[in-house]
file structure28.txt (compact mmCIF, C-alpha atoms and all ligand atoms)
# COMPACT_ATOMS: atom_id res chain seq x y z
CA MET X 230 -59.52 21.40 -19.67
CA LYS X 231 -58.54 19.29 -16.67
CA LYS X 232 -57.47 16.53 -19.00
CA SER X 233 -55.23 18.75 -21.09
CA ILE X 234 -53.52 20.16 -17.96
CA THR X 235 -52.79 16.64 -16.83
CA LEU X 236 -51.46 15.87 -20.27
CA LEU X 237 -49.30 18.97 -20.21
CA CYS X 238 -47.94 17.96 -16.84
CA ILE X 239 -47.11 14.50 -18.07
CA LEU X 240 -45.45 15.94 -21.16
CA ALA X 241 -43.45 18.33 -18.98
CA MET X 242 -42.38 15.49 -16.72
CA VAL X 243 -41.35 13.33 -19.63
CA SER X 244 -39.27 16.08 -21.19
CA THR X 245 -37.64 16.88 -17.81
CA LEU X 246 -36.76 13.22 -17.41
CA ALA X 247 -35.39 13.15 -20.94
CA ALA X 248 -33.34 16.27 -20.29
CA CYS X 249 -31.90 14.69 -17.16
CA GLY X 250 -31.38 11.40 -18.92
CA GLY X 251 -27.92 12.35 -20.05
CA LYS X 252 -26.66 13.02 -16.55
CA PRO X 253 -26.97 10.00 -14.31
CA ALA X 254 -23.18 10.32 -13.98
CA ASP X 255 -23.60 12.00 -10.59
CA LYS X 256 -24.94 8.87 -9.05
CA ASP X 257 -23.76 6.16 -11.37
CA ASN X 258 -20.82 6.78 -13.63
CA SER X 259 -21.24 3.55 -15.57
CA ASN X 260 -22.25 5.26 -18.80
CA ASN X 261 -19.01 7.15 -19.37
CA ASP X 262 -17.00 6.27 -22.44
CA ARG X 263 -13.94 5.08 -20.56
CA GLY X 264 -15.20 1.55 -20.25
CA PHE X 265 -14.61 1.47 -16.49
CA THR X 266 -15.89 3.19 -13.39
CA THR X 267 -14.07 4.65 -10.41
CA VAL X 268 -15.25 5.49 -6.90
CA VAL X 269 -15.58 9.14 -7.92
CA GLU X 270 -16.10 9.94 -11.61
CA GLY X 271 -12.93 11.37 -13.17
CA LYS X 272 -10.76 10.55 -10.16
CA LEU X 273 -8.43 7.74 -9.21
CA ILE X 274 -8.36 7.47 -5.42
CA MET X 275 -5.25 5.90 -3.94
CA ALA X 276 -5.17 4.59 -0.38
CA THR X 277 -1.75 4.56 1.26
CA ASN X 278 0.15 4.90 4.53
CA ALA X 279 2.72 7.64 4.07
CA THR X 280 5.24 6.44 6.66
CA PHE X 281 7.21 4.16 4.40
CA PRO X 282 10.11 5.94 2.68
CA PRO X 283 11.04 5.93 -0.15
CA TYR X 284 7.73 4.39 -1.34
CA GLU X 285 5.51 6.93 0.44
CA TYR X 286 6.27 9.68 2.90
CA ILE X 287 5.21 13.23 3.57
CA GLU X 288 7.30 16.05 2.14
CA GLY X 289 6.12 19.65 2.23
CA GLY X 290 2.70 18.47 3.39
CA GLU X 291 2.27 16.20 0.35
CA VAL X 292 2.43 12.44 -0.03
CA THR X 293 5.44 11.76 -2.21
CA GLY X 294 7.61 8.79 -3.18
CA ILE X 295 7.74 5.87 -5.59
CA ASP X 296 4.13 4.74 -5.12
CA ALA X 297 2.73 8.27 -5.44
CA GLU X 298 4.63 8.71 -8.72
CA ILE X 299 3.53 5.32 -10.07
CA ALA X 300 -0.10 6.09 -9.21
CA SER X 301 0.22 9.49 -10.85
CA ALA X 302 1.62 7.91 -14.04
CA ILE X 303 -1.28 5.43 -14.10
CA ALA X 304 -3.84 8.20 -13.52
CA ASP X 305 -2.32 10.23 -16.38
CA LYS X 306 -2.51 7.25 -18.70
CA LEU X 307 -6.17 6.70 -17.84
CA GLY X 308 -7.08 10.38 -18.03
CA LEU X 309 -8.00 10.58 -14.34
CA GLU X 310 -7.10 12.97 -11.55
CA LEU X 311 -5.14 11.29 -8.75
CA GLN X 312 -6.32 11.78 -5.17
CA ILE X 313 -4.22 10.30 -2.36
CA ASP X 314 -5.85 9.27 0.94
CA ASP X 315 -3.39 8.67 3.78
CA MET X 316 -4.49 6.18 6.45
CA GLY X 317 -3.18 3.49 8.80
CA PHE X 318 -1.60 0.60 6.88
CA GLU X 319 -4.05 -1.87 8.45
CA PHE X 320 -7.04 -0.05 6.91
CA ILE X 321 -5.90 -0.05 3.26
CA THR X 322 -7.25 -3.39 2.00
CA GLY X 323 -10.59 -2.87 3.80
CA THR X 324 -10.92 0.59 2.26
CA ILE X 325 -10.37 -0.91 -1.20
CA ALA X 326 -12.67 -3.89 -0.60
CA SER X 327 -15.50 -1.69 0.67
CA GLY X 328 -15.28 0.58 -2.38
CA LYS X 329 -13.94 3.76 -0.75
CA ALA X 330 -10.73 3.92 -2.79
CA ASP X 331 -9.74 2.58 -6.21
CA ILE X 332 -6.15 1.51 -5.70
CA GLY X 333 -3.95 0.68 -2.71
CA LEU X 334 -0.24 1.36 -3.10
CA ALA X 335 1.82 1.10 0.07
CA GLY X 336 4.84 -1.06 -0.68
CA MET X 337 2.21 -3.72 -0.17
CA THR X 338 3.25 -7.35 -0.36
CA VAL X 339 1.07 -9.85 -2.15
CA THR X 340 -0.01 -12.43 0.44
CA PRO X 341 -2.59 -15.24 0.25
CA ASP X 342 -4.62 -13.70 3.10
CA ARG X 343 -4.83 -10.31 1.42
CA GLN X 344 -5.75 -12.01 -1.86
CA GLU X 345 -8.95 -13.20 -0.17
CA GLU X 346 -9.98 -9.57 0.33
CA VAL X 347 -8.53 -7.78 -2.73
CA SER X 348 -7.09 -8.46 -6.18
CA PHE X 349 -3.46 -7.62 -6.88
CA THR X 350 -2.06 -6.27 -10.13
CA VAL X 351 1.20 -7.53 -11.58
CA SER X 352 4.12 -6.83 -9.26
CA TYR X 353 6.08 -3.61 -9.80
CA ALA X 354 8.85 -4.00 -7.20
CA THR X 355 10.51 -6.44 -4.84
CA GLY X 356 10.86 -6.02 -1.10
CA VAL X 357 12.98 -7.89 1.41
CA GLN X 358 12.24 -8.24 5.11
CA VAL X 359 15.42 -7.37 7.00
CA ILE X 360 16.46 -7.08 10.63
CA ILE X 361 17.60 -3.77 12.15
CA VAL X 362 19.67 -3.99 15.35
CA THR X 363 21.81 -1.61 17.39
CA GLU X 364 25.46 -1.53 16.34
CA ASP X 365 26.53 -3.35 19.54
CA SER X 366 23.68 -5.91 19.42
CA PRO X 367 24.32 -9.53 20.45
CA ILE X 368 22.00 -10.45 17.55
CA VAL X 369 24.42 -10.87 14.64
CA SER X 370 22.42 -12.98 12.21
CA LEU X 371 18.84 -13.94 11.42
CA ASP X 372 19.45 -17.40 12.93
CA ASP X 373 19.93 -15.85 16.38
CA LEU X 374 16.22 -15.05 16.41
CA PHE X 375 15.31 -18.73 16.08
CA ALA X 376 18.13 -20.22 18.17
CA GLU X 377 17.44 -22.60 21.06
CA GLY X 378 16.48 -20.52 24.10
CA ALA X 379 16.12 -17.27 22.12
CA ASN X 380 13.81 -14.78 23.83
CA HIS X 381 13.88 -11.44 22.05
CA VAL X 382 11.41 -8.60 21.81
CA ILE X 383 10.84 -7.88 18.13
CA GLY X 384 9.51 -4.51 16.96
CA VAL X 385 7.32 -4.43 13.85
CA GLN X 386 4.78 -2.24 12.10
CA ARG X 387 1.31 -3.61 12.88
CA ASN X 388 -0.31 -5.83 10.21
CA THR X 389 2.68 -5.74 7.89
CA THR X 390 4.30 -8.92 6.65
CA GLY X 391 7.10 -8.32 9.19
CA ASP X 392 4.38 -8.66 11.85
CA LEU X 393 2.79 -11.72 10.22
CA TYR X 394 6.05 -13.64 9.73
CA THR X 395 7.51 -12.93 13.18
CA THR X 396 4.18 -13.74 14.85
CA ASP X 397 4.24 -17.18 13.18
CA ASP X 398 7.98 -17.92 13.29
CA ILE X 399 8.92 -16.38 16.63
CA GLU X 400 5.99 -15.58 18.93
CA LYS X 401 3.91 -18.69 18.24
CA LYS X 402 7.02 -20.88 18.56
CA GLY X 403 8.05 -19.36 21.89
CA PHE X 404 11.24 -17.66 20.64
CA GLY X 405 10.19 -14.21 21.81
CA THR X 406 7.46 -11.59 21.79
CA ILE X 407 6.34 -9.05 19.21
CA ASP X 408 5.82 -5.33 19.93
CA ARG X 409 3.53 -3.83 17.31
CA TYR X 410 3.71 -0.15 16.37
CA SER X 411 1.50 1.83 14.00
CA LYS X 412 4.53 3.29 12.22
CA GLY X 413 7.84 1.70 11.27
CA ALA X 414 9.65 4.79 12.58
CA GLU X 415 8.12 4.22 16.03
CA ALA X 416 9.42 0.65 16.09
CA VAL X 417 12.86 2.01 15.18
CA GLN X 418 12.67 4.57 18.02
CA ALA X 419 11.78 1.71 20.40
CA LEU X 420 14.94 -0.07 19.24
CA LYS X 421 17.00 3.06 19.82
CA THR X 422 15.66 3.41 23.37
CA GLY X 423 16.12 -0.27 24.18
CA LYS X 424 12.44 -1.25 24.36
CA VAL X 425 12.87 -3.85 21.62
CA ASP X 426 15.90 -5.95 20.62
CA CYS X 427 15.46 -5.64 16.87
CA VAL X 428 13.03 -4.44 14.21
CA VAL X 429 11.80 -6.53 11.28
CA ILE X 430 10.83 -4.33 8.36
CA ASP X 431 11.18 -3.92 4.58
CA ASN X 432 14.70 -3.17 3.34
CA GLU X 433 14.15 0.25 1.74
CA PRO X 434 12.46 1.96 4.71
CA ALA X 435 15.04 0.14 6.89
CA LYS X 436 17.83 1.91 4.98
CA ALA X 437 16.08 5.25 5.33
CA PHE X 438 15.54 4.79 9.09
CA VAL X 439 19.12 3.60 9.75
CA GLN X 440 20.41 6.66 7.91
CA GLU X 441 18.29 8.93 10.10
CA VAL X 442 18.89 7.31 13.49
CA GLU X 443 22.46 6.92 14.66
CA GLY X 444 23.86 3.69 16.13
CA LEU X 445 21.76 1.23 14.16
CA LYS X 446 22.60 -1.26 11.40
CA ILE X 447 20.89 -3.75 9.13
CA LEU X 448 21.91 -7.41 9.41
CA GLU X 449 23.31 -8.89 6.22
CA THR X 450 21.18 -12.01 6.49
CA GLU X 451 17.80 -11.38 4.86
CA TYR X 452 14.55 -12.83 6.16
CA VAL X 453 11.93 -13.02 3.33
CA THR X 454 11.82 -11.71 -0.24
CA GLU X 455 8.43 -10.55 -1.45
CA ASP X 456 6.52 -8.87 -4.32
CA TYR X 457 4.88 -5.46 -4.10
CA ALA X 458 1.70 -4.90 -6.12
CA ILE X 459 -1.36 -2.65 -6.28
CA ALA X 460 -4.41 -3.76 -4.29
CA MET X 461 -7.76 -3.37 -6.05
CA SER X 462 -11.40 -4.33 -5.60
CA LYS X 463 -12.41 -7.83 -6.64
CA ASP X 464 -15.72 -6.40 -7.90
CA ASN X 465 -14.54 -4.01 -10.61
CA ALA X 466 -13.02 -6.10 -13.40
CA GLU X 467 -13.04 -3.21 -15.91
CA LEU X 468 -11.05 -0.89 -13.67
CA TYR X 469 -8.73 -3.74 -12.74
CA GLU X 470 -7.99 -4.40 -16.43
CA ALA X 471 -7.41 -0.69 -17.07
CA VAL X 472 -5.05 -0.17 -14.12
CA ASN X 473 -3.22 -3.47 -14.57
CA GLY X 474 -2.84 -2.76 -18.30
CA ALA X 475 -1.53 0.76 -17.66
CA LEU X 476 0.92 -0.58 -15.07
CA LYS X 477 2.18 -3.27 -17.48
CA ASP X 478 2.73 -0.63 -20.19
CA LEU X 479 4.61 1.58 -17.72
CA ILE X 480 6.79 -1.35 -16.71
CA ASP X 481 7.46 -2.26 -20.37
CA ASP X 482 8.31 1.26 -21.49
CA GLY X 483 10.76 1.74 -18.60
CA THR X 484 8.75 4.41 -16.73
CA ILE X 485 8.47 2.37 -13.52
CA GLY X 486 12.18 1.52 -13.61
CA LYS X 487 13.01 5.21 -13.91
CA ILE X 488 10.72 6.19 -11.04
CA ILE X 489 12.27 3.55 -8.77
CA ALA X 490 15.82 4.50 -9.80
CA LYS X 491 15.10 8.12 -8.81
CA TYR X 492 14.60 7.03 -5.21
CA ILE X 493 16.70 3.88 -4.87
CA THR X 494 20.32 3.84 -5.93
CA ALA X 495 21.53 0.37 -6.87
CA GLU X 496 24.32 -0.96 -4.68
N1 LIG X 501 5.61 -4.88 2.58
C1 LIG X 501 5.04 -4.88 3.88
C2 LIG X 501 3.63 -5.40 3.82
O1 LIG X 501 3.03 -5.39 2.78
C3 LIG X 501 5.08 -3.53 4.56
C4 LIG X 501 4.30 -2.47 3.90
C5 LIG X 501 4.21 -1.17 4.68
O2 LIG X 501 4.55 -1.09 5.85
N2 LIG X 501 3.78 -0.13 4.06
O3 LIG X 501 3.09 -5.81 4.79

call {"tool": "encode", "arguments": {"input": "structure28.txt", "output": "structure tokens"}}
result
Amino acid sequence: MKKSITLLCILAMVSTLAACGGKPADKDNSNNDRGFTTVVEGKLIMATNATFPPYEYIEGGEVTGIDAEIASAIADKLGLELQIDDMGFEFITGTIASGKADIGLAGMTVTPDRQEEVSFTVSYATGVQVIIVTEDSPIVSLDDLFAEGANHVIGVQRNTTGDLYTTDDIEKKGFGTIDRYSKGAEAVQALKTGKVDCVVIDNEPAKAFVQEVEGLKILETEYVTEDYAIAMSKDNAELYEAVNGALKDLIDDGTIGKIIAKYITAE
């Protein structure tokens, strides 16, 4: 009798295990039929910093803009639901590398340092670092920032390429100091109130900020041209191939061009 109860128990356990066998998806979504896994099954989580118009900004309580639309088009193509997590720009690559988000879109420039931490997809847009000054500024060209005896205070958004370049080219060479802000708009306010002499930032948000704040202009001389791409984990080759492939298709079929043209009118 004892024996048969034990046997029954074992049988029951085996069948329970078998019944559960089809559902390890809760913990490990590797046996779906998509051929790739995401941080949360069925979702594509995008990390961004929504202070960067027209690529990402808040409108009606929602993250909107070029990057949000591109991510949404990619999610649609892959049959996933897009979730957007808004955070400080400096936390995006770490969030991706530590497996808390699938994709980072934030008008993010491909740089060798970032490539040590994350993989980048093909580039989907170009950015240019420009200089914003007040209309009556003595700074009239990029060269003024590197001129003999120059000593300006440069406003930048922390950890952006504007910060990296000016730290190397200006601060480390003794041509001035860098004031780092967590948002580009705060750097622009500091310019307006005279706390900094100029702001180095990407051209599209620069245009948006100059339109909003009176008395500012963008210098015609450009600083650095760069490529924007999507940051992804180095440890998920299948998802990388899926997202990169979807992005390439969306570039080829003109979808990305259309999304960008909606927000940026060609001069
Ligand atoms: N393109 C710049 C960078 O990648 C700025 C991006 C941003 O501020 N969102 O550093």

call {"tool": "residues_around", "arguments": {"input": "structure28.txt", "residues": "Ile493 in chain X", "least_positions_apart": "5", "cutoff": "10 Å", "atoms": "all atoms listed in the file", "output": "ChimeraX atom specification"}}
result
/X:283-284,295,433,487-488

call {"tool": "closest_residue", "arguments": {"input": "structure28.txt", "among": "X:Asp365, X:Glu319, X:Glu298, X:Asp482", "to": "ligand LIG 501 (chain X)", "atoms": "all atoms listed in the file"}}
result
X:Glu319

call {"tool": "residues_near_ligand", "arguments": {"input": "structure28.txt", "ligand": "ligand LIG 501 (chain X)", "cutoff": "7 Å", "atoms": "only C-alpha atoms and all ligand atoms", "output": "list in words"}}
result
Asn278, Phe281, Phe318, Ala335, Gly336, Met337, Thr338, Val339, Gly356, Gln386, Asn388, Thr389, Thr390, Gly391, Gly413, Ile430, Asp431 and Tyr457 of chain X

call {"tool": "atom_distance", "arguments": {"input": "structure28.txt", "atom1": "CA of Val385 in chain X", "atom2": "CA of Arg409 in chain X"}}
result
5.2 Å

call {"tool": "closest_residue", "arguments": {"input": "structure28.txt", "among": "X:Lys424, X:Lys436, X:Asn473, X:Lys463", "to": "Gly323 in chain X", "atoms": "all atoms listed in the file"}}
result
X:Lys463

call {"tool": "residues_around", "arguments": {"input": "structure28.txt", "residues": "Glu400 in chain X", "least_positions_apart": "5", "cutoff": "10 Å", "atoms": "only C-alpha atoms", "output": "PyMOL selection string"}}
result
chain X and resi 380-383+394-395+405-407

call {"tool": "atom_distance", "arguments": {"input": "structure28.txt", "atom1": "CA of Tyr452 in chain X", "atom2": "CA of Ala354 in chain X"}}
result
17.0 Å

call {"tool": "decode", "arguments": {"input": "structure28.txt", "residues": "range 309-333 of chain X", "atoms": "N, CA and C atoms", "output": "short mmCIF file (atom, residue, chain, number, x, y, z; two decimals), in the first residue's frame"}}
result
data_model
loop_
_atom_site.label_atom_id
_atom_site.label_comp_id
_atom_site.auth_asym_id
_atom_site.auth_seq_id
_atom_site.Cartn_x
_atom_site.Cartn_y
_atom_site.Cartn_z
N LEU X 309 5.95 42.84 -31.52
CA LEU X 309 6.14 43.10 -30.09
C LEU X 309 5.40 44.37 -29.69
N GLU X 310 5.14 44.48 -28.39
CA GLU X 310 4.50 45.69 -27.87
C GLU X 310 5.60 46.62 -27.37
N LEU X 311 5.60 47.86 -27.83
CA LEU X 311 6.66 48.80 -27.42
C LEU X 311 6.36 49.39 -26.05
N GLN X 312 7.38 49.38 -25.20
CA GLN X 312 7.29 50.08 -23.91
C GLN X 312 8.45 51.07 -23.86
N ILE X 313 8.18 52.33 -23.50
CA ILE X 313 9.24 53.33 -23.49
C ILE X 313 9.57 53.72 -22.05
N ASP X 314 10.84 53.56 -21.66
CA ASP X 314 11.30 53.96 -20.33
C ASP X 314 12.14 55.22 -20.46
N ASP X 315 11.69 56.28 -19.80
CA ASP X 315 12.37 57.58 -19.86
C ASP X 315 13.34 57.67 -18.69
N MET X 316 14.57 58.06 -18.97
CA MET X 316 15.60 58.13 -17.90
C MET X 316 16.64 59.17 -18.27
N GLY X 317 17.57 59.44 -17.38
CA GLY X 317 18.67 60.36 -17.69
C GLY X 317 19.49 59.81 -18.84
N PHE X 318 19.97 60.68 -19.73
CA PHE X 318 20.73 60.22 -20.89
C PHE X 318 21.92 59.35 -20.46
N GLU X 319 22.56 59.73 -19.35
CA GLU X 319 23.79 59.03 -18.94
C GLU X 319 23.53 57.60 -18.47
N PHE X 320 22.25 57.24 -18.26
CA PHE X 320 21.96 55.87 -17.77
C PHE X 320 21.57 54.90 -18.90
N ILE X 321 21.42 55.41 -20.12
CA ILE X 321 20.84 54.57 -21.18
C ILE X 321 21.73 53.37 -21.53
N THR X 322 23.01 53.59 -21.81
CA THR X 322 23.84 52.46 -22.25
C THR X 322 23.98 51.43 -21.13
N GLY X 323 24.09 51.88 -19.89
CA GLY X 323 24.20 50.96 -18.75
C GLY X 323 22.94 50.12 -18.59
N THR X 324 21.79 50.75 -18.82
CA THR X 324 20.51 50.04 -18.73
C THR X 324 20.44 48.95 -19.78
N ILE X 325 20.93 49.25 -20.98
CA ILE X 325 20.95 48.26 -22.07
C ILE X 325 21.95 47.14 -21.74
N ALA X 326 23.15 47.54 -21.32
CA ALA X 326 24.21 46.56 -21.08
C ALA X 326 23.84 45.62 -19.94
N SER X 327 23.10 46.12 -18.95
CA SER X 327 22.76 45.27 -17.80
C SER X 327 21.45 44.53 -18.02
N GLY X 328 20.90 44.61 -19.24
CA GLY X 328 19.74 43.78 -19.58
C GLY X 328 18.43 44.25 -19.00
N LYS X 329 18.27 45.58 -18.80
CA LYS X 329 16.99 46.08 -18.27
C LYS X 329 16.14 46.73 -19.36
N ALA X 330 16.71 46.91 -20.54
CA ALA X 330 15.93 47.40 -21.68
C ALA X 330 16.53 46.75 -22.93
N ASP X 331 15.72 46.68 -23.99
CA ASP X 331 16.18 46.00 -25.21
C ASP X 331 16.91 46.92 -26.18
N ILE X 332 16.38 48.15 -26.30
CA ILE X 332 16.95 49.07 -27.29
C ILE X 332 17.07 50.46 -26.69
N GLY X 333 18.13 51.16 -27.06
CA GLY X 333 18.31 52.54 -26.62
C GLY X 333 18.25 53.45 -27.83
#
